[in-house]
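Below is the file input_30.cif, which contains mmCIF, C-alpha atoms and all ligand atoms.
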data_structure
#
loop_
_atom_site.label_atom_id
_atom_site.label_comp_id
_atom_site.auth_asym_id
_atom_site.auth_seq_id
_atom_site.Cartn_x
_atom_site.Cartn_y
_atom_site.Cartn_z
CA MET D 1 0.00 0.00 0.00
CA PRO D 2 1.52 3.40 -0.96
CA ILE D 3 2.09 5.85 1.86
CA ALA D 4 1.12 9.48 1.18
CA ILE D 5 2.89 11.93 3.48
CA THR D 6 0.80 15.09 3.87
CA ARG D 7 0.92 18.09 6.18
CA LYS D 8 -2.06 20.01 7.46
CA VAL D 9 -2.65 23.52 6.13
CA SER D 10 -0.67 26.20 7.98
CA PRO D 11 -2.76 28.92 9.63
CA ALA D 12 -0.25 31.30 7.95
CA LEU D 13 -1.15 30.13 4.41
CA ALA D 14 -2.19 33.67 3.41
CA GLN D 15 1.50 34.71 3.68
CA CYS D 16 2.52 32.11 1.08
CA GLU D 17 5.12 32.71 -1.61
CA LEU D 18 3.66 33.84 -4.94
CA THR D 19 5.56 34.07 -8.23
CA HIS D 20 3.11 34.22 -11.13
CA LEU D 21 -0.16 34.96 -9.33
CA GLU D 22 -1.57 38.11 -7.77
CA ARG D 23 -2.34 37.75 -4.06
CA GLN D 24 -6.02 36.99 -3.48
CA SER D 25 -7.72 36.48 -0.19
CA ILE D 26 -7.65 32.83 0.86
CA ASP D 27 -10.48 31.32 2.88
CA LEU D 28 -8.44 29.37 5.43
CA SER D 29 -11.24 27.19 6.74
CA LEU D 30 -12.22 26.30 3.16
CA ALA D 31 -8.57 25.50 2.43
CA VAL D 32 -8.56 23.14 5.44
CA THR D 33 -11.78 21.46 4.23
CA GLN D 34 -10.43 21.10 0.71
CA HIS D 35 -7.20 19.63 2.01
CA HIS D 36 -9.26 17.16 4.00
CA GLN D 37 -11.11 16.14 0.84
CA TYR D 38 -7.78 15.69 -0.90
CA THR D 39 -6.44 13.37 1.80
CA HIS D 40 -9.77 11.47 1.66
CA ALA D 41 -9.33 11.00 -2.07
CA LEU D 42 -5.88 9.51 -1.39
CA THR D 43 -7.33 7.19 1.26
CA ASN D 44 -10.18 6.11 -1.04
CA LEU D 45 -7.64 5.21 -3.71
CA GLY D 46 -5.89 2.91 -1.25
CA CYS D 47 -3.07 5.08 0.13
CA ALA D 48 -2.13 5.08 3.80
CA VAL D 49 -2.11 8.79 4.59
CA LEU D 50 0.36 10.13 7.13
CA HIS D 51 -0.86 13.48 8.46
CA LEU D 52 1.95 15.70 9.75
CA PRO D 53 0.85 18.48 12.10
CA ALA D 54 0.40 22.02 10.77
CA GLU D 55 3.41 24.35 10.99
CA PRO D 56 2.05 27.70 12.23
CA THR D 57 5.11 29.70 11.13
CA LEU D 58 5.66 28.08 7.71
CA PRO D 59 3.00 29.38 5.28
CA ASP D 60 3.75 27.02 2.39
CA SER D 61 4.40 23.89 4.42
CA VAL D 62 1.25 22.12 3.17
CA PHE D 63 3.08 21.80 -0.16
CA VAL D 64 5.24 18.91 1.00
CA GLU D 65 6.16 17.78 -2.51
CA ASP D 66 8.77 20.53 -2.73
CA THR D 67 10.81 19.23 0.20
CA ALA D 68 11.85 15.79 -1.06
CA ILE D 69 12.23 13.51 -4.06
CA VAL D 70 11.21 10.00 -3.10
CA LEU D 71 12.51 7.15 -5.24
CA ASP D 72 12.44 3.38 -4.68
CA GLU D 73 16.06 3.30 -3.55
CA LEU D 74 16.36 6.48 -1.48
CA ALA D 75 14.90 9.92 -0.86
CA ILE D 76 16.65 13.20 -1.59
CA ILE D 77 15.84 16.03 0.80
CA THR D 78 15.75 19.20 -1.27
CA ARG D 79 17.04 22.68 -0.61
CA PRO D 80 13.99 24.73 -1.62
CA GLY D 81 14.53 27.74 -3.83
CA ALA D 82 12.53 30.11 -1.62
CA LEU D 83 14.36 31.03 1.59
CA SER D 84 11.10 31.04 3.57
CA ARG D 85 10.62 27.35 2.69
CA ARG D 86 14.00 25.96 3.78
CA PRO D 87 12.89 25.21 7.37
CA GLU D 88 10.20 22.86 6.00
CA THR D 89 12.66 20.08 5.19
CA ALA D 90 13.82 18.96 8.67
CA SER D 91 10.47 17.51 9.72
CA ILE D 92 10.03 15.85 6.31
CA ALA D 93 13.44 14.20 6.65
CA GLN D 94 12.27 12.85 10.01
CA ALA D 95 9.03 11.55 8.49
CA LEU D 96 10.83 9.85 5.58
CA ALA D 97 13.68 8.33 7.59
CA PRO D 98 11.78 5.14 8.57
CA TYR D 99 11.11 4.39 4.89
CA ARG D 100 14.15 5.47 2.91
CA ARG D 101 17.87 6.13 3.14
CA LEU D 102 18.26 9.91 2.88
CA ALA D 103 20.55 12.07 0.75
CA TYR D 104 20.64 15.86 0.88
CA ILE D 105 20.99 18.70 -1.62
CA GLU D 106 23.55 21.15 -0.31
CA ALA D 107 24.41 24.82 -1.04
CA PRO D 108 24.71 26.22 -3.64
CA GLY D 109 22.20 23.68 -4.94
CA LEU D 110 18.54 24.69 -5.01
CA VAL D 111 15.65 22.50 -6.07
CA ASP D 112 11.93 22.25 -5.35
CA GLY D 113 10.35 18.82 -5.68
CA GLY D 114 7.70 20.41 -7.90
CA ASP D 115 10.41 20.81 -10.52
CA VAL D 116 11.26 17.12 -10.59
CA LEU D 117 9.32 14.85 -12.93
CA ARG D 118 10.45 11.22 -12.80
CA LEU D 119 9.61 9.21 -15.90
CA GLU D 120 10.97 5.69 -15.52
CA LYS D 121 14.73 6.09 -14.90
CA THR D 122 14.97 9.73 -16.02
CA LEU D 123 14.48 12.69 -13.72
CA TYR D 124 13.57 15.84 -15.61
CA VAL D 125 14.34 18.93 -13.54
CA GLY D 126 12.74 22.27 -14.37
CA LEU D 127 15.25 25.11 -14.53
CA SER D 128 12.70 27.43 -12.93
CA THR D 129 13.30 30.30 -10.54
CA ARG D 130 13.45 27.65 -7.75
CA SER D 131 15.91 25.08 -9.09
CA ASN D 132 19.45 25.34 -10.44
CA GLN D 133 22.24 23.53 -12.20
CA PRO D 134 24.32 22.80 -9.05
CA ALA D 135 21.36 20.84 -7.64
CA ILE D 136 21.11 18.90 -10.90
CA ALA D 137 24.83 18.06 -10.69
CA GLN D 138 24.37 16.86 -7.10
CA MET D 139 21.36 14.76 -8.08
CA GLN D 140 23.33 13.20 -10.95
CA HIS D 141 26.11 12.29 -8.52
CA ILE D 142 23.69 10.83 -5.94
CA LEU D 143 21.60 8.90 -8.47
CA ALA D 144 24.11 7.62 -11.06
CA PRO D 145 24.85 4.47 -9.00
CA PHE D 146 21.15 3.57 -9.21
CA GLY D 147 21.00 3.96 -13.01
CA TYR D 148 19.07 7.23 -13.15
CA THR D 149 19.68 10.04 -15.62
CA VAL D 150 19.02 13.61 -14.50
CA GLN D 151 18.23 16.21 -17.15
CA GLY D 152 17.60 19.94 -16.83
CA VAL D 153 14.56 21.26 -18.70
CA ALA D 154 13.72 24.86 -19.61
CA VAL D 155 10.34 26.02 -18.30
CA ASP D 156 8.79 29.34 -19.13
CA GLY D 157 5.81 31.12 -17.62
CA CYS D 158 5.07 28.82 -14.68
CA LEU D 159 6.34 28.11 -11.16
CA HIS D 160 7.56 24.52 -11.57
CA LEU D 161 8.09 21.89 -14.26
CA LYS D 162 5.12 19.97 -12.85
CA SER D 163 2.92 23.06 -13.39
CA ALA D 164 3.58 22.36 -17.09
CA VAL D 165 3.67 18.56 -17.32
CA THR D 166 2.65 15.58 -15.19
CA GLN D 167 2.25 11.86 -15.76
CA VAL D 168 -1.37 10.69 -15.98
CA GLY D 169 -1.00 7.09 -17.13
CA PRO D 170 1.63 4.39 -17.76
CA GLN D 171 2.62 6.04 -21.07
CA THR D 172 0.69 9.30 -20.97
CA LEU D 173 1.52 12.88 -20.00
CA LEU D 174 -0.72 15.89 -19.46
CA VAL D 175 1.05 18.96 -20.85
CA ASN D 176 0.71 22.71 -21.25
CA PRO D 177 2.80 23.11 -24.44
CA ARG D 178 3.17 26.85 -23.87
CA TRP D 179 5.27 26.31 -20.74
CA VAL D 180 7.47 23.36 -21.73
CA ASP D 181 8.77 21.89 -25.00
CA VAL D 182 6.64 18.81 -25.70
CA GLU D 183 9.30 17.49 -28.08
CA LEU D 184 11.35 16.47 -25.03
CA PHE D 185 8.82 13.73 -24.35
CA GLY D 186 8.74 12.29 -27.87
CA ASP D 187 7.99 8.68 -26.90
CA TRP D 188 5.06 9.57 -24.66
CA GLN D 189 1.41 9.99 -25.53
CA VAL D 190 0.55 13.60 -24.80
CA ILE D 191 -2.78 15.06 -23.74
CA GLU D 192 -2.72 18.84 -24.04
CA ILE D 193 -4.60 20.96 -21.56
CA ASP D 194 -7.50 23.02 -22.86
CA PRO D 195 -5.85 26.37 -23.80
CA SER D 196 -8.37 28.25 -21.63
CA GLU D 197 -7.05 26.37 -18.54
CA PRO D 198 -3.29 27.09 -18.46
CA TYR D 199 -2.89 25.84 -14.88
CA GLY D 200 -4.56 22.51 -15.71
CA ALA D 201 -1.47 20.38 -16.38
CA ASN D 202 -0.92 19.37 -12.76
CA ALA D 203 -2.61 16.05 -12.00
CA LEU D 204 -1.66 13.46 -9.39
CA TRP D 205 -1.41 9.93 -10.84
CA VAL D 206 -1.82 7.40 -8.09
CA GLN D 207 -3.17 3.87 -7.94
CA GLY D 208 -4.27 3.89 -11.58
CA ALA D 209 -6.36 7.08 -11.33
CA VAL D 210 -5.65 10.79 -11.32
CA ILE D 211 -6.65 13.20 -8.59
CA TYR D 212 -7.54 16.38 -10.43
CA PRO D 213 -8.88 19.87 -9.51
CA THR D 214 -12.51 20.72 -10.34
CA SER D 215 -11.20 24.11 -11.56
CA TYR D 216 -10.30 22.78 -15.02
CA PRO D 217 -13.43 21.03 -16.38
CA ARG D 218 -12.47 21.21 -20.05
CA THR D 219 -9.14 19.52 -19.47
CA GLU D 220 -10.86 17.04 -17.13
CA GLN D 221 -13.05 16.07 -20.10
CA ARG D 222 -9.95 15.46 -22.19
CA LEU D 223 -8.59 13.12 -19.49
CA ARG D 224 -11.88 11.23 -19.28
CA ALA D 225 -12.15 11.01 -23.08
CA ALA D 226 -8.72 9.35 -23.07
CA GLY D 227 -10.10 6.70 -20.69
CA ILE D 228 -8.25 7.94 -17.62
CA PRO D 229 -10.12 7.44 -14.32
CA VAL D 230 -10.42 10.88 -12.70
CA VAL D 231 -11.19 11.71 -9.07
CA THR D 232 -11.93 15.42 -8.77
CA VAL D 233 -11.23 17.58 -5.73
CA ASP D 234 -12.00 21.23 -5.19
CA ALA D 235 -8.61 22.88 -4.62
CA SER D 236 -9.56 26.52 -5.25
CA GLU D 237 -7.89 27.91 -2.09
CA LEU D 238 -4.65 25.95 -2.55
CA ILE D 239 -4.58 27.09 -6.19
CA LYS D 240 -4.70 30.73 -4.98
CA ALA D 241 -1.48 29.90 -3.08
CA GLU D 242 0.03 28.72 -6.41
CA GLY D 243 -0.29 25.10 -5.34
CA ALA D 244 -2.18 22.26 -6.95
CA VAL D 245 -2.57 18.51 -6.42
CA THR D 246 0.86 16.93 -6.81
CA CYS D 247 2.32 19.38 -4.33
CA CYS D 248 0.22 18.35 -1.32
CA SER D 249 1.67 14.86 -0.90
CA LEU D 250 4.86 12.85 -1.04
CA LEU D 251 4.16 9.33 -2.26
CA VAL D 252 6.25 6.53 -0.80
CA MET D 253 5.46 3.57 -3.06
C1 LIG P 301 5.39 28.42 -3.39
O1 LIG P 301 5.44 29.41 -4.10
O2 LIG P 301 6.39 27.81 -3.06
C2 LIG P 301 4.03 27.96 -2.91
N1 LIG P 301 3.20 29.10 -2.69
C3 LIG P 301 3.40 27.01 -3.88
C4 LIG P 301 4.17 25.74 -4.04
C5 LIG P 301 3.50 24.76 -4.92
N2 LIG P 301 4.31 23.61 -5.06
C6 LIG P 301 4.18 22.74 -6.05
O3 LIG P 301 3.37 22.91 -6.94
N3 LIG P 301 5.03 21.71 -6.06
#
Written as structure tokens, that's how I'd like the structure from this file.
Ligand code: CIR
Amino acid sequence: MPIAITRKVSPALAQCELTHLERQSIDLSLAVTQHHQYTHALTNLGCAVLHLPAEPTLPDSVFVEDTAIVLDELAIITRPGALSRRPETASIAQALAPYRRLAYIEAPGLVDGGDVLRLEKTLYVGLSTRSNQPAIAQMQHILAPFGYTVQGVAVDGCLHLKSAVTQVGPQTLLVNPRWVDVELFGDWQVIEIDPSEPYGANALWVQGAVIYPTSYPRTEQRLRAAGIPVVTVDASELIKAEGAVTCCSLLVM
């Protein structure tokens, strides 16, 4: 049974980092309810959900994906690109330690887990404002013995690589072609987001289904038309914080 590590919404969520979005008022209690529904969706799909306590002084700490890269052989604790997010990693390292050997990204390396898309034995790393080449070099060094390749990818217009592309099936990707070069993923079947829903490329593929925000109904229809089982969750408040669905869990398979 996969374990999904999650962390409750911080009461400071309104002070979150924002890069491409204007600050809007966030309904905290709705955010908490929506996060609850998200963890329920994970449970219903057969994940064992680990709920870490809320971190009152760390606004973005619900977005646990950015703090680690969990692979079968080990987990890499990241060094998040935003200074305000660096203190999030210590408690995640503690939570992951029973399940995986840990490696660490060190200065000057910077990487957010949201920039790391693993497809089979290749890790694509978005060269966003949060992740850099020294982190890629460190990841290559850590992962070469396990047969992984690590490749930097240009992203343009979005926060993370996984804002632009996520896996939604054994051979299928969901992509916003305006933010990442689709040609990089030549061997994969590609579903493009509906152009009116630019933030719709982030879906969480787990247990043969995808957890997907209700905010992008046109793209949801494209997923369903491709035969992909979709479980929708309302994530409106987390989306205002520039988060989505992959970012709220760390899957330990
Ligand atoms: C941030 O800017 O770091 C947060 N407000 C949002 C992080 C979302 N993370 C993700 O999609 N992996």
Legend entry - Residue among D:Ile193, D:Ala41, D:Ala68, D:Ala97 lying closest to ligand LIG 301 (chain P), counting all atoms listed in the file: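 Nearest candidate to ligand LIG 301 (chain P) out of D:Ile193, D:Ala41, D:Ala68, D:Ala97: D:Ala68.
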Inset, instruction - Between atom CA of D:Cys16 and atom CA of D:His36, measure the distance and give it in Å to one decimal. - result: 19.3 Å
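One distance worth recording is that between atom CA of D:Pro2 and atom CA of D:Val252, which is 5.7 Å.
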Legend entry - Residues within 7 Å of ligand LIG 301 (chain P), counting only C-alpha atoms and all ligand atoms, as a ChimeraX atom specification: /D:16-19,60,63,65-66,82,112-114,160,162-163,241-244,246-247
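With distances restricted to all atoms listed in the file, D:Leu250 is the closest residue to D:Ile76 from D:Leu250, D:Val32, D:Ile191, D:Ala12.
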Legend entry - Distance criterion (all atoms listed in the file): nearest to D:Val168 out of D:Asp156, D:Pro217, D:Ala226, D:Phe185: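 Residue with the minimum atom-to-atom distance to D:Val168: D:Ala226.
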Within 6 Å of D:Pro213 using only C-alpha atoms, minus same-chain residues under 6 positions, as a PDB file with C-alpha atoms, keeping the file's coordinate frame:
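Once written, selection_6.pdb looks like this:
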ATOM      1  CA  THR D 232     -11.930  15.420  -8.770  1.00  0.00           C
ATOM      2  CA  VAL D 233     -11.230  17.580  -5.730  1.00  0.00           C
ATOM      3  CA  ASP D 234     -12.000  21.230  -5.190  1.00  0.00           C
ATOM      4  CA  ALA D 235      -8.610  22.880  -4.620  1.00  0.00           C
TER       5      ALA D 235
END
Legend entry - Nearest to D:Gln189, chosen from D:Val165, D:Leu173, D:Ile239, D:Met139, with all atoms listed in the file counted in the distances: D:Leu173
Legend entry - atom CA of D:Leu42 to atom CA of D:Leu58, straight-line distance in Å: 23.7 Å
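Between D:Ala14 and the residues D:Thr57, D:Ser128, D:Gln171, D:Gln151, the shortest atom-to-atom distance, using all atoms listed in the file, involves D:Thr57.
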Inset, instruction - Go through D:Val111, D:Tyr99, D:Pro11, D:Ala203 and flag the residue nearest D:Ile26, using only C-alpha atoms for the distances. - result: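 Among the listed residues, D:Pro11 lies closest to D:Ile26.
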Inset, instruction - Would you list the contacts of stretch 122-127 of chain D as a PyMOL selection string, taking every protein, DNA or RNA residue within 10 Å and counting only C-alpha atoms, but skipping same-chain residues closer than 3 positions in sequence? - result: chain D and resi 69+111-119+130-133+135-136+139-140+143+147-156+159-164+180+184
Using all atoms listed in the file, can you list as a PDB file with C-alpha atoms, keeping the file's coordinate frame the residues within 12 Å of (-12.9, 12.7, -7.0)?
ATOM      1  CA  GLN D  34     -10.430  21.100   0.710  1.00  0.00           C
ATOM      2  CA  GLN D  37     -11.110  16.140   0.840  1.00  0.00           C
ATOM      3  CA  TYR D  38      -7.780  15.690  -0.900  1.00  0.00           C
ATOM      4  CA  THR D  39      -6.440  13.370   1.800  1.00  0.00           C
ATOM      5  CA  HIS D  40      -9.770  11.470   1.660  1.00  0.00           C
ATOM      6  CA  ALA D  41      -9.330  11.000  -2.070  1.00  0.00           C
ATOM      7  CA  LEU D  42      -5.880   9.510  -1.390  1.00  0.00           C
ATOM      8  CA  THR D  43      -7.330   7.190   1.260  1.00  0.00           C
ATOM      9  CA  ASN D  44     -10.180   6.110  -1.040  1.00  0.00           C
ATOM     10  CA  LEU D  45      -7.640   5.210  -3.710  1.00  0.00           C
ATOM     11  CA  ALA D 203      -2.610  16.050 -12.000  1.00  0.00           C
ATOM     12  CA  LEU D 204      -1.660  13.460  -9.390  1.00  0.00           C
ATOM     13  CA  ALA D 209      -6.360   7.080 -11.330  1.00  0.00           C
ATOM     14  CA  VAL D 210      -5.650  10.790 -11.320  1.00  0.00           C
ATOM     15  CA  ILE D 211      -6.650  13.200  -8.590  1.00  0.00           C
ATOM     16  CA  TYR D 212      -7.540  16.380 -10.430  1.00  0.00           C
ATOM     17  CA  PRO D 213      -8.880  19.870  -9.510  1.00  0.00           C
ATOM     18  CA  THR D 214     -12.510  20.720 -10.340  1.00  0.00           C
ATOM     19  CA  GLU D 220     -10.860  17.040 -17.130  1.00  0.00           C
ATOM     20  CA  PRO D 229     -10.120   7.440 -14.320  1.00  0.00           C
ATOM     21  CA  VAL D 230     -10.420  10.880 -12.700  1.00  0.00           C
ATOM     22  CA  VAL D 231     -11.190  11.710  -9.070  1.00  0.00           C
ATOM     23  CA  THR D 232     -11.930  15.420  -8.770  1.00  0.00           C
ATOM     24  CA  VAL D 233     -11.230  17.580  -5.730  1.00  0.00           C
ATOM     25  CA  ASP D 234     -12.000  21.230  -5.190  1.00  0.00           C
ATOM     26  CA  ALA D 235      -8.610  22.880  -4.620  1.00  0.00           C
ATOM     27  CA  VAL D 245      -2.570  18.510  -6.420  1.00  0.00           C
TER      28      VAL D 245
END
Inset, instruction - May I have the residues within 9 Å of D:Met253 as a list of chain:residue names, using all atoms listed in the file and disregarding those fewer than 2 positions away in the same chain? - result: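 Within the cut-off, the hits are D:Met1, D:Pro2, D:Ile3, D:Ala4, D:Val70, D:Leu71, D:Asp72, D:Leu251.
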Inset, instruction - For D:Ala93, list every protein, DNA or RNA residue within 10 Å, evaluated using only C-alpha atoms, and leave out those in the same chain fewer than 6 positions away; present the list as a PyMOL selection string. - result: chain D and resi 67-68+75-78+100-104
Let me have the centre and edge lengths of the axis-aligned box enclosing all listed atoms of stretch 90-105 of chain D with 6 Å padding on every side, in Å to one decimal, as lines of an AutoDock Vina configuration file.
center_x = 15.0
center_y = 11.7
center_z = 4.2
size_x = 24.0
size_y = 26.6
size_z = 23.6
